[in-house]
Amino acid sequence: MISLSSQQSIFGPRYLALSIGIILASMTIGFEGLAVTTVAPVIAGDLQGLHLFGWIFSAYLLAQIIGTMVVGRQIDKRGPALPFTIAILLFAVGLIVAAVANDMYVLIGSRALQGFGAGAMYTCIYTAISLSYPDELRAKILGALGTAYVLPSMLGPYVAGVIAQQWSWRFVFWGVLPFLLLAVLLSLPVFRKLKMPSLQGKGETGVIGLSILLAIGTGLFLTGLGMLPKLLGVVLLLVGLGLMAQPLRKLLPTGTLTFRSGLPSLIASRGLFFAGYVFTQNFLVLALTDTKGMAADRAGLVVASAALSWCIIAILQARWDAADQGRGRQKRIITGIVLMIVGIAIMVWVPAVNVVLAVLGEIIAGIGIGLAHTVSGTVAFSLAKEGEAGKVSGSLQFADSFTPGVAIGIGGAIVALSQTGGMSLETGITIAMVFNLALVLLSLVASTRTKQGQSVSQSAGQSS
């Protein structure tokens with residue numbers, strides 16, 4: 001490990017503009033995503049498109065898959081400046097189109113632009129962190145980035161609701177643009193100076209086709225889940241799985257699906273535990289509002305407790321990383337996942353869940369995700385081979401978007417099938433939460449196969 005310098009800071013003169021720029025970009029993406037969750041029912045009603053409600057989110061997810069995987073490879077060939085510029089423009093155009101949309105199909109198209117742009121932006125941000133910051137500062141910037149993404153979950157839904165109620169849901173999209181512009185002005189000049197190490201050997205081919213195939217397969221899979229137990233739903237589900245298999249093997253680090261030791265198992269573990277966290281947030285709100293009769297704003301405050309504990313622990317882990325010079329990173333990932341398991345287990349039996357248990361479980365789960373998510377990013381960059389910063393960044397972002405989307409789709413199918421079978425909603429959500437707990441347990445298995453390399457990958461930022 002590199003010896004740490006207490007004089008270095010992510011807000012020092014060398015890193016100030018980039019740090020603030022990427023933190024603002026992260027907050028912008030996070031706020032927009034959570035705000036849309038709040039105003040989506042209003043949008044669907046206003047545009048007379050309730051039958052297309054799910055596609056407000058599916059279009060974003062599927063386009064995000066393509067943006068993440070394609071841009072990750074392009075970065076390694078051309079550097080992050082041009083992809084970041086294109087991603088910003090697409091995201092901005094998506095916001096503008098959504099703000100003026102008078103048709104549900106136009107709105108869905110705008111969400112696809114936003115999803116592609118958001119996936120690409122995050123991949124560029126992760127690459128910039130890998131290239132610009134030395135190893136001892138990555139834990140700090142990733143902690144700040146995690147906090148920046150999570151903070152909107154405490155205020156974003158409420159602010160979006162007020163805007164939609166007092167003015168119009170369209171101002172939610174317009175309001176994001178100034179923050180996006182400021183993020184670009186601060187970070188883009190730094191992105192233009194970043195250079196990728198020369199790659200040895202041949203680059204990958206067919207990434208665009210594989211990414212599109214994966215998006216199509218995922219779309220069919222999620223559509224099929226929503227139609228179960230109808231025969232057409234089963235057919236679409238199986239066809240989707242078949243289309244997804246080859247792209248997943250080709251686009252992810254070799255051995256990810258089999259938990260191969262090192263980076264592959266790290267990516268697998270991250271995807272599974274992050275899916276567990278997002279799954280918990282969504283289905284806990286459903287349980288509190290639809291089975292416990294809690295008002296939506298109170299349920300939002302309950303899940304916000306996890307965001308608060310995530311923010312606090314994300315800051316503290318950077319200090320712990322500096323204290324042990326990164327030697328305890330794998331232990332912190334495993335500890336974080338174990339805490340997530342404990343937190344989710346407290347809430348898994350929905351009939352017994354009350355406000356006290358929900359808040360306790362959320363706080364513990366938030367501490368767990370704050371450790372595991374932030375530290376796993378730091379370890380991934382230390383395991384990245386020279387010239388593959390973009391590819392690894394794409395894999396990290398893919399783990400944060402694809403797996404949660406698929407897991408939530410499966411959870412929704414579990415709840416729907418349970419009710420079709422005559423079970424209560426409480427029972428259906430409980431079964432879904434047990435499935436969710438199994439995902440995080442599987443993540444723990446994968447995390448034990450992650451071993452951080454003894455030598456930190458070299459990057460331009462390490463010569464600071």
# chains A, B, ... in the order shown; residues from 1 in each chain; ligands from 1
call {"tool": "select_by_dssp", "arguments": {"residues": "segment 167-200 of chain A", "states": "alpha helix (DSSP H)", "output": "count of residues only"}}
result
24
call {"tool": "residues_around", "arguments": {"residues": "Leu286 of chain A", "least_positions_apart": "2", "cutoff": "12 Å", "atoms": "only C-alpha atoms", "output": "PyMOL selection string"}}
result
chain A and resi 279-284+288-296+299-300+303+350+411-412+415+425-426+428-430+432-433
call {"tool": "closest_residue", "arguments": {"among": "A:Ile141, A:Leu238, A:Ile315, A:Leu251", "to": "Leu210 of chain A", "atoms": "only C-alpha atoms"}}
result
A:Leu251
call {"tool": "closest_atom_pairs", "arguments": {"of": "segment 365-413 of chain A", "to": "segment 227-236 of chain A", "cutoff": "12 Å", "atoms": "only C-alpha atoms", "output": "JSON lines"}}
result
{"residue": "A:Gly409", "atom": "CA", "partner": "A:Met227", "partner_atom": "CA", "distance": 11.2}
{"residue": "A:Ile410", "atom": "CA", "partner": "A:Leu228", "partner_atom": "CA", "distance": 10.6}
{"residue": "A:Gly412", "atom": "CA", "partner": "A:Leu228", "partner_atom": "CA", "distance": 10.5}
{"residue": "A:Ala413", "atom": "CA", "partner": "A:Leu228", "partner_atom": "CA", "distance": 7.1}
call {"tool": "residues_around", "arguments": {"residues": "Arg449 of chain A", "least_positions_apart": "5", "cutoff": "10 Å", "atoms": "only C-alpha atoms", "output": "PyMOL selection string"}}
result
chain A and resi 259-266+269+330+444
call {"tool": "write_last_selection", "arguments": {"atoms": "N, CA and C atoms", "output": "compact mmCIF listing (two decimals), in the first residue's frame"}}
result
# COMPACT_ATOMS: atom_id res chain seq x y z
N PHE A 259 -18.45 -16.27 -9.44
CA PHE A 259 -17.74 -15.76 -8.26
C PHE A 259 -16.25 -16.10 -8.31
N ARG A 260 -15.63 -15.91 -9.45
CA ARG A 260 -14.18 -16.13 -9.54
C ARG A 260 -13.46 -15.14 -8.63
N SER A 261 -12.42 -15.61 -7.98
CA SER A 261 -11.70 -14.79 -7.00
C SER A 261 -11.17 -13.50 -7.62
N GLY A 262 -11.22 -12.43 -6.84
CA GLY A 262 -10.71 -11.14 -7.28
C GLY A 262 -11.81 -10.20 -7.73
N LEU A 263 -11.54 -9.44 -8.79
CA LEU A 263 -12.49 -8.44 -9.28
C LEU A 263 -13.85 -9.04 -9.67
N PRO A 264 -13.91 -10.22 -10.34
CA PRO A 264 -15.22 -10.77 -10.69
C PRO A 264 -16.13 -10.99 -9.49
N SER A 265 -15.60 -11.57 -8.42
CA SER A 265 -16.44 -11.80 -7.24
C SER A 265 -16.81 -10.49 -6.56
N LEU A 266 -15.94 -9.48 -6.66
CA LEU A 266 -16.25 -8.17 -6.08
C LEU A 266 -17.44 -7.53 -6.79
N SER A 269 -20.59 -9.47 -5.87
CA SER A 269 -21.01 -9.17 -4.51
C SER A 269 -21.66 -7.79 -4.44
N GLN A 330 -11.19 -5.37 2.85
CA GLN A 330 -12.03 -6.55 2.65
C GLN A 330 -12.85 -6.87 3.90
N LEU A 444 -22.64 -12.17 0.47
CA LEU A 444 -21.62 -12.45 1.49
C LEU A 444 -20.70 -13.57 1.04
